[in-house]
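Asker: My questions will all concern the structure given below.
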Amino acid sequence: MASAPRLETPLVVTLDVGSSSVRALAFDSGGRAVAERQLEYAMDTTPDGGVEIDAERLVALTAEALDGLLGEVGAAAVAGVAVSTFWHTLLGVDRAGRARTPLYSWADTRSAAAVEALRARLDEKAYHARTGCVLHTSYLPARLLWLRTRDAAGFGAVRRWMSFGEYLHLRLFGETRCSVSMASATGLFDQRAQTWDPSVLAALELDPDRLAPLADLDAPLSGLRAEFARRWPPLRTIPWFPALGDGACSNVGAGCTGPDRAALMVGTSGAMRVAWPTGGVAIPTGLFCYRIDRRRILLGGALSNGGSVRAWLSRILRLNSPEAAERELDAMPPDAHGLTVLPFLAGERSPGWVAEARAAIVGLSLATRPVDVVRAGLETVAYRFALIHERLRQVCPGAGVLVATGGALLASPAWIRIMADVLGVPVIPSLEPEASARGAALLALEALGALPSVEAAPGRLGTPVTPDPARHARYRAGLARHRELYGLLMPFFTDAAERARQEGLTNDRA
């Protein structure tokens with residue numbers, strides 16, 4: 001019997017706060033996970049497109065997860081605490097340092113009218129070139145303008161606006177810092193100057209001191225407030241690093257740290273991302289540009305609809321057990337169902353960024369089976385990634401290998417094969433089940449000097465899935481139908497949304 005690998009100290013704890021669960025994990029200095037505690041939760045939704053949660057509830061869950069982890073591994077060997085959390089969240093904090101608003105998710109679409117208002121104030125092409133973001137409900141400019149318009153007095157009572165990661169540290173330490181990683185995905189950050197963007201703040205009439213001060217991993221916090229120092233005594237004086245964006249951490253944790261290899265992530269949502277050394281890079285239309293840290297850029301595209309598409313279809317269509325459904329899906333020929341699908345259950349992000357887009361299924365007949373619809377759903381998500389991949393290859397022609405990450409994709413060999421055949425490039429399953437948490441730990445270990453670089457601890461990889469040329473050709477025809485349907489329906493969605501906004505304005509005046 002082989003002995004277990006020897007753990008290498010020091011340990012780093014990662015607090016990984018995602019859209020549906022909170023995890024606390026411990027990693028050794030070789031980047032191996034040694035313990036984990038997970039707590040699940042659900043965000044609150046509203047009929048008008050709201051997705052939010054009480055920030056104190058999320059702080060309590062995070063602390064509870066850390067309690068459970070420390071009960072298992074102790075804390076004597078812990079040298080630092082890293083945080084990986086979702087990008088694009090926002091909450092307002094009062095002068096006493098407590099949340100005055102809910103924590104708004106990236107998936108909250110109530111700021112759609114504010115997007116149009118910002119287009120009248122900003123040159124969107126120049127905005128994209130500076131910030132790496134587009135004017136969209138996912139990002140903070142539209143949400144801030146919406147909040148000011150909805151409740152000017154409440155907006156004025158907020159001392160600072162921040163993400164959940166910054167609020168967690170504010171509660172723990174009484175002070176906070178916004179990492180370059182988190183700031184880079186707000187839509188408020190100048191990627192080249194690496195400061196809050198003056199033009200955007202001017203358009204929002206927002207002073208920069210109402211945002212958290214910027215920092216990188218060389219500026220950790222320490223000295224827990226008394227309440228938490230009593231709760232976790234060994235963690236009181238060690239470094240707690242500024243929160244990082246989960247997508248940036250995922251690339252690092254999966255070993256996708258250079259432009260020769262892209263990460264293909266499908267969880268509830270989806271993303272395709274390539275890491276890039278700091279320097280000039282042209283950002284293709286429709287893609288984002290964020291940062292891992294001051295030295296590393298992250299270029300890619302995001303989908304609001306990833307694993308959520310399969311989960312929704314499976315639930316609505318009442319498929320058999322997941323195992324039986326997987327076998328049936330895997331046995332089907334490519335694009336054999338006669339369906340063309342737009343997967344926009346939660347609107348569109350990359351590459352068109354039409355927040356008003358909605359899902360559609362065309363081609364249904366009396367012969368259509370539930371499994372046909374689910375298979376078409378998996379294929380259409382792959383088509384959306386194909387559109388992102390085309391644009392990424394414009395600036396990263398060497399990114400011909402994709403590493404599959406994310407629970408929804410890694411749980412489905414059939415979907416990985418679909419991705420490889422649709423995209424026409426090899427897809428390698430990551431063997432790191434918690435890539436985001438691992439990436440945050442590696443970046444913390446690098447900052448501590450316990451790891452020479454994150455590249456020194458590459459992610460474990462499985463067997464590559466190579467594309468089949470005949471299946472790829474079949475999918476090119478399916479992708480052409482997908483593009484055609486998108487072009488036909490997008491004007492309908494945008495026109496309908498504009499009519500609804502105008503009716504809302506008329507009703508408000510009445």
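Each chain in the structure tokens gets a letter, A, B and so on, in the order shown; residues start at 1 in every chain, and ligands are counted from 1 in the order they appear.
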What lies within 12 Å of Pro259 in chain A using only C-alpha atoms, ignoring chain neighbours under 6 positions off, as a list of chain:residue names?
Answerer: A:Asn251, A:Arg273, A:Val274, A:Ala275, A:Trp276, A:Pro277, A:Thr278, A:Val281, A:Arg296, A:Ile297, A:Leu298, A:Leu299, A:Gly300, A:Leu392, A:Arg393, A:Gln394, A:Val395, A:Cys396, A:Pro397, A:Gly398, A:Ala399, A:Gly400, A:Val401, A:Leu402
Asker: Find the spatial neighbours of Arg150 in chain A, counting only C-alpha atoms, within a cut-off of 12 Å - ignore same-chain residues fewer than 6 positions away - and output them as a PDB file with N, CA and C atoms, in the first residue's frame.
Answerer:
ATOM      1  N   ARG A 110     -31.295  44.290 -12.703  1.00  0.00           N
ATOM      2  CA  ARG A 110     -32.211  45.420 -12.535  1.00  0.00           C
ATOM      3  C   ARG A 110     -31.643  46.748 -13.025  1.00  0.00           C
ATOM      4  N   SER A 111     -30.357  46.781 -13.355  1.00  0.00           N
ATOM      5  CA  SER A 111     -29.744  48.035 -13.783  1.00  0.00           C
ATOM      6  C   SER A 111     -29.723  48.199 -15.303  1.00  0.00           C
ATOM      7  N   ALA A 113     -31.695  49.665 -17.472  1.00  0.00           N
ATOM      8  CA  ALA A 113     -31.947  51.024 -17.960  1.00  0.00           C
ATOM      9  C   ALA A 113     -30.730  51.923 -17.724  1.00  0.00           C
ATOM     10  N   ALA A 114     -30.007  51.670 -16.641  1.00  0.00           N
ATOM     11  CA  ALA A 114     -28.816  52.475 -16.349  1.00  0.00           C
ATOM     12  C   ALA A 114     -27.710  52.242 -17.377  1.00  0.00           C
ATOM     13  N   ARG A 143     -24.816  49.387 -11.986  1.00  0.00           N
ATOM     14  CA  ARG A 143     -25.492  49.102 -10.717  1.00  0.00           C
ATOM     15  C   ARG A 143     -25.438  50.315  -9.788  1.00  0.00           C
ATOM     16  N   LEU A 144     -24.310  51.012  -9.775  1.00  0.00           N
ATOM     17  CA  LEU A 144     -24.209  52.216  -8.951  1.00  0.00           C
ATOM     18  C   LEU A 144     -25.167  53.299  -9.423  1.00  0.00           C
ATOM     19  N   GLY A 156     -26.560  58.329  -0.857  1.00  0.00           N
ATOM     20  CA  GLY A 156     -25.708  59.314  -0.205  1.00  0.00           C
ATOM     21  C   GLY A 156     -25.280  58.904   1.192  1.00  0.00           C
ATOM     22  N   ASP A 508     -44.197  55.815 -14.436  1.00  0.00           N
ATOM     23  CA  ASP A 508     -43.647  56.562 -13.314  1.00  0.00           C
ATOM     24  C   ASP A 508     -44.125  58.009 -13.354  1.00  0.00           C
TER      25      ASP A 508
END
Asker: Please, which residues in range 55-144 of chain A fall within 12 Å of range 330-351 of chain A when counting only C-alpha atoms, and what is the closest atom pair and distance in Å to one decimal for each, ordered by chain then residue number, as a Markdown table?
Answerer:
| residue | atom | partner | partner_atom | distance |
| --- | --- | --- | --- | --- |
| A:Trp106 | CA | A:Arg349 | CA | 10.8 |
| A:Ala107 | CA | A:Ala346 | CA | 7.4 |
| A:Asp108 | CA | A:Ala346 | CA | 9.3 |
| A:Thr109 | CA | A:Gly347 | CA | 8.4 |
| A:Arg110 | CA | A:Gly347 | CA | 11.8 |
| A:Ala112 | CA | A:Gly347 | CA | 10.9 |
| A:Cys133 | CA | A:Ser350 | CA | 10.6 |
| A:Val134 | CA | A:Arg349 | CA | 9.5 |
| A:Leu135 | CA | A:Arg349 | CA | 10.6 |
| A:His136 | CA | A:Arg349 | CA | 8.1 |
| A:Thr137 | CA | A:Arg349 | CA | 9.3 |
| A:Ser138 | CA | A:Arg349 | CA | 8.2 |
| A:Tyr139 | CA | A:Arg349 | CA | 10.8 |
Asker: Can I get the selection written as a PDB file, in the first residue's frame, with C-alpha atoms?
Answerer:
ATOM      1  CA  TRP A 106     -23.250  39.911 -10.880  1.00  0.00           C
ATOM      2  CA  ALA A 107     -26.427  38.138 -12.027  1.00  0.00           C
ATOM      3  CA  ASP A 108     -28.701  40.996 -10.867  1.00  0.00           C
ATOM      4  CA  THR A 109     -30.150  42.578 -14.029  1.00  0.00           C
ATOM      5  CA  ARG A 110     -32.211  45.420 -12.535  1.00  0.00           C
ATOM      6  CA  ALA A 112     -30.535  47.506 -17.497  1.00  0.00           C
ATOM      7  CA  CYS A 133     -15.142  45.798 -19.348  1.00  0.00           C
ATOM      8  CA  VAL A 134     -18.283  46.693 -21.272  1.00  0.00           C
ATOM      9  CA  LEU A 135     -21.361  48.641 -20.226  1.00  0.00           C
ATOM     10  CA  HIS A 136     -23.533  45.827 -18.880  1.00  0.00           C
ATOM     11  CA  THR A 137     -25.627  44.934 -15.838  1.00  0.00           C
ATOM     12  CA  SER A 138     -22.866  42.589 -14.616  1.00  0.00           C
ATOM     13  CA  TYR A 139     -20.537  45.474 -13.834  1.00  0.00           C
TER      14      TYR A 139
END
Asker: Which range 99-209 of chain A residues have any atom within 12 Å of an atom of range 71-82 of chain A, and for each, what is the nearest pair of atoms with distance in Å to one decimal, counting only C-alpha atoms, rows sorted by chain and number, as JSON lines?
Answerer:
{"residue": "A:Gly165", "atom": "CA", "partner": "A:Ala82", "partner_atom": "CA", "distance": 10.4}
{"residue": "A:Leu168", "atom": "CA", "partner": "A:Ala82", "partner_atom": "CA", "distance": 11.9}
{"residue": "A:His169", "atom": "CA", "partner": "A:Ala82", "partner_atom": "CA", "distance": 11.0}
{"residue": "A:Ser179", "atom": "CA", "partner": "A:Ala82", "partner_atom": "CA", "distance": 11.8}
Asker: Given only C-alpha atoms, how would the per-residue table for range 85-170 of chain A near range 195-213 of chain A read, listing every residue at most 9 Å away with its closest atom pair and distance in Å to one decimal, sorted by chain and number, as a Markdown table?
Answerer:
| residue | atom | partner | partner_atom | distance |
| --- | --- | --- | --- | --- |
| A:Leu118 | CA | A:Ala203 | CA | 7.8 |
| A:Arg121 | CA | A:Ala203 | CA | 6.4 |
| A:Leu122 | CA | A:Ala203 | CA | 7.4 |
| A:Tyr127 | CA | A:Val200 | CA | 8.1 |
| A:Arg130 | CA | A:Asp197 | CA | 8.2 |
| A:Thr131 | CA | A:Asp197 | CA | 7.7 |
| A:Pro141 | CA | A:Leu204 | CA | 7.2 |
| A:Leu144 | CA | A:Leu204 | CA | 7.6 |
| A:Leu145 | CA | A:Leu204 | CA | 6.5 |
| A:Val158 | CA | A:Arg210 | CA | 8.2 |
| A:Arg159 | CA | A:Arg210 | CA | 6.0 |
| A:Arg160 | CA | A:Arg210 | CA | 4.4 |
| A:Trp161 | CA | A:Leu211 | CA | 5.3 |
| A:Met162 | CA | A:Leu211 | CA | 6.4 |
| A:Glu166 | CA | A:Ala212 | CA | 7.6 |
Asker: Pick the closest to Glu64 in chain A from A:Leu214, A:Tyr167, A:Phe228, A:Glu52: which is it, counting only C-alpha atoms?
Answerer: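 Once distances to Glu64 in chain A are computed over only C-alpha atoms, the minimum belongs to A:Phe228.
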Asker: So the first atom is CA of Ser269 in chain A and the second is CA of Met490 in chain A; what is the distance between them in Å, to one decimal place?
Answerer: 20.6 Å
Asker: Would you compute the distance between CA of Gly307 in chain A and CA of Val354 in chain A? Give it in Å to one decimal.
Answerer: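 Interatomic distance here is 19.5 Å.
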Asker: Determine which residues of range 66-136 of chain A receive a DSSP assignment of helix (DSSP H, G or I), computed from the backbone, and state them as a ChimeraX atom specification.
Answerer: /A:66-73,112-119,124-131
Asker: Take the residues that were just selected and, keeping C-alpha atoms, output them as a PDB file, in the first residue's frame.
Answerer:
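Written output follows (selection.pdb):
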ATOM      1  CA  LEU A  66     -13.493  28.402   8.991  1.00  0.00           C
ATOM      2  CA  ASP A  67     -14.499  27.152  12.443  1.00  0.00           C
ATOM      3  CA  GLY A  68     -15.136  23.698  11.005  1.00  0.00           C
ATOM      4  CA  LEU A  69     -11.852  23.603   9.107  1.00  0.00           C
ATOM      5  CA  LEU A  70      -9.750  24.664  12.080  1.00  0.00           C
ATOM      6  CA  GLY A  71     -11.496  22.047  14.194  1.00  0.00           C
ATOM      7  CA  GLU A  72     -10.128  19.453  11.788  1.00  0.00           C
ATOM      8  CA  VAL A  73      -6.585  20.671  11.032  1.00  0.00           C
ATOM      9  CA  ALA A 112     -30.535  47.506 -17.497  1.00  0.00           C
ATOM     10  CA  ALA A 113     -31.947  51.024 -17.960  1.00  0.00           C
ATOM     11  CA  ALA A 114     -28.816  52.475 -16.349  1.00  0.00           C
ATOM     12  CA  VAL A 115     -26.687  50.776 -19.016  1.00  0.00           C
ATOM     13  CA  GLU A 116     -28.428  52.851 -21.676  1.00  0.00           C
ATOM     14  CA  ALA A 117     -27.992  56.017 -19.628  1.00  0.00           C
ATOM     15  CA  LEU A 118     -24.248  55.354 -19.325  1.00  0.00           C
ATOM     16  CA  ARG A 119     -23.944  54.888 -23.088  1.00  0.00           C
ATOM     17  CA  GLU A 124     -18.101  52.754 -24.953  1.00  0.00           C
ATOM     18  CA  LYS A 125     -15.214  51.794 -27.233  1.00  0.00           C
ATOM     19  CA  ALA A 126     -12.750  53.920 -25.260  1.00  0.00           C
ATOM     20  CA  TYR A 127     -14.281  52.659 -22.001  1.00  0.00           C
ATOM     21  CA  HIS A 128     -13.685  49.041 -23.049  1.00  0.00           C
ATOM     22  CA  ALA A 129     -10.090  49.794 -24.074  1.00  0.00           C
ATOM     23  CA  ARG A 130      -9.328  51.405 -20.689  1.00  0.00           C
ATOM     24  CA  THR A 131     -11.258  49.209 -18.269  1.00  0.00           C
TER      25      THR A 131
END
Asker: As a PyMOL selection string, please: every residue in range 91-333 of chain A that DSSP puts in strand (DSSP E).
Answerer: chain A and resi 91-93+103-104+160-162+178-179+189-190+195-196+214-215+244-245+262-266+270-277+288-293+296-303
Asker: When you count only C-alpha atoms, which of these residues is closest to Arg295 in chain A: A:Glu484, A:Glu328, A:Asp216, A:Asp44?
Answerer: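 Of all the options, A:Asp216 lies closest to Arg295 in chain A.
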Asker: Considering only C-alpha atoms, state which residue in the set A:Leu58, A:Ala357, A:Leu317, A:Ala411 is at the smallest distance from Arg369 in chain A.
Answerer: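 Ranking A:Leu58, A:Ala357, A:Leu317, A:Ala411 by distance to Arg369 in chain A, first place goes to A:Leu317.
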Asker: Nearest residue to Ile316 in chain A out of A:Leu489, A:Ile416, A:Val454, A:Val374, using only C-alpha atoms?
Answerer: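 Closest residue, counting only C-alpha atoms: A:Val374.
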Asker: For each of A:Ala193, A:Val309, A:Ala404, A:Leu244, take the minimum atom-to-atom distance to Leu443 in chain A, counting only C-alpha atoms, then give the residue where this is smallest.
Answerer: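 Looking only at the distances to Leu443 in chain A, the closest residue turns out to be A:Leu244.
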Asker: Have a look at CA of Pro433 in chain A and CA of Leu410 in chain A and let me know their distance in Å, one decimal.
Answerer: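 Between CA of Pro433 in chain A and CA of Leu410 in chain A the gap is 8.3 Å.
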Asker: Looking at A:His88, A:Arg171, A:Arg261, A:His482, which one is nearest to His389 in chain A, with distances taken over only C-alpha atoms?
Answerer: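 Using only C-alpha atoms, His389 in chain A sits closest to A:Arg261.
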Asker: Would you pick out the contacts of range 461-470 of chain A at 8 Å or less, using only C-alpha atoms, so that residues sharing its chain but fewer than 4 positions from it are not included, and give the list as a list in words?
Answerer: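 Non-adjacent residues within range: Ile416, Arg417, Ala420, Asp421, Val422, Leu423, Gly424, Val425, Pro426, Val427, Ile428, Pro429, Ser430, Leu431, Glu432 and Arg474 of chain A.
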Asker: Next, dump the selected residues to file, keeping only N, CA and C atoms, as a PDB file, in the first residue's frame.
Answerer:
ATOM      1  N   ILE A 416     -17.526  17.228 -21.991  1.00  0.00           N
ATOM      2  CA  ILE A 416     -16.136  17.511 -22.358  1.00  0.00           C
ATOM      3  C   ILE A 416     -15.880  17.098 -23.799  1.00  0.00           C
ATOM      4  N   ARG A 417     -16.417  15.934 -24.203  1.00  0.00           N
ATOM      5  CA  ARG A 417     -16.250  15.496 -25.595  1.00  0.00           C
ATOM      6  C   ARG A 417     -16.956  16.447 -26.558  1.00  0.00           C
ATOM      7  N   ALA A 420     -14.720  19.517 -26.999  1.00  0.00           N
ATOM      8  CA  ALA A 420     -13.573  19.264 -27.861  1.00  0.00           C
ATOM      9  C   ALA A 420     -13.997  19.216 -29.325  1.00  0.00           C
ATOM     10  N   ASP A 421     -15.108  18.542 -29.612  1.00  0.00           N
ATOM     11  CA  ASP A 421     -15.554  18.415 -30.996  1.00  0.00           C
ATOM     12  C   ASP A 421     -16.072  19.733 -31.561  1.00  0.00           C
ATOM     13  N   VAL A 422     -16.774  20.518 -30.748  1.00  0.00           N
ATOM     14  CA  VAL A 422     -17.272  21.808 -31.219  1.00  0.00           C
ATOM     15  C   VAL A 422     -16.107  22.772 -31.453  1.00  0.00           C
ATOM     16  N   LEU A 423     -15.182  22.853 -30.496  1.00  0.00           N
ATOM     17  CA  LEU A 423     -14.092  23.821 -30.565  1.00  0.00           C
ATOM     18  C   LEU A 423     -12.973  23.373 -31.490  1.00  0.00           C
ATOM     19  N   GLY A 424     -12.861  22.082 -31.734  1.00  0.00           N
ATOM     20  CA  GLY A 424     -11.842  21.586 -32.639  1.00  0.00           C
ATOM     21  C   GLY A 424     -10.443  21.606 -32.070  1.00  0.00           C
ATOM     22  N   VAL A 425     -10.303  21.619 -30.736  1.00  0.00           N
ATOM     23  CA  VAL A 425      -8.996  21.594 -30.080  1.00  0.00           C
ATOM     24  C   VAL A 425      -9.067  20.615 -28.911  1.00  0.00           C
ATOM     25  N   PRO A 426      -7.917  20.092 -28.459  1.00  0.00           N
ATOM     26  CA  PRO A 426      -7.937  19.168 -27.318  1.00  0.00           C
ATOM     27  C   PRO A 426      -8.433  19.849 -26.038  1.00  0.00           C
ATOM     28  N   VAL A 427      -9.168  19.115 -25.253  1.00  0.00           N
ATOM     29  CA  VAL A 427      -9.632  19.574 -23.945  1.00  0.00           C
ATOM     30  C   VAL A 427      -9.104  18.591 -22.901  1.00  0.00           C
ATOM     31  N   ILE A 428      -8.378  19.131 -21.919  1.00  0.00           N
ATOM     32  CA  ILE A 428      -7.769  18.287 -20.884  1.00  0.00           C
ATOM     33  C   ILE A 428      -8.496  18.515 -19.568  1.00  0.00           C
ATOM     34  N   PRO A 429      -9.104  17.479 -18.988  1.00  0.00           N
ATOM     35  CA  PRO A 429      -9.764  17.665 -17.692  1.00  0.00           C
ATOM     36  C   PRO A 429      -8.754  17.989 -16.593  1.00  0.00           C
ATOM     37  N   SER A 430      -9.042  19.009 -15.823  1.00  0.00           N
ATOM     38  CA  SER A 430      -8.223  19.297 -14.658  1.00  0.00           C
ATOM     39  C   SER A 430      -8.533  18.284 -13.566  1.00  0.00           C
ATOM     40  N   LEU A 431      -7.501  17.863 -12.860  1.00  0.00           N
ATOM     41  CA  LEU A 431      -7.693  16.966 -11.724  1.00  0.00           C
ATOM     42  C   LEU A 431      -7.663  17.731 -10.403  1.00  0.00           C
ATOM     43  N   GLU A 432      -7.781  19.055 -10.501  1.00  0.00           N
ATOM     44  CA  GLU A 432      -7.850  19.887  -9.303  1.00  0.00           C
ATOM     45  C   GLU A 432      -9.305  20.292  -9.090  1.00  0.00           C
ATOM     46  N   ARG A 474     -19.583  18.556 -38.493  1.00  0.00           N
ATOM     47  CA  ARG A 474     -21.038  18.557 -38.255  1.00  0.00           C
ATOM     48  C   ARG A 474     -21.429  19.713 -37.339  1.00  0.00           C
TER      49      ARG A 474
END
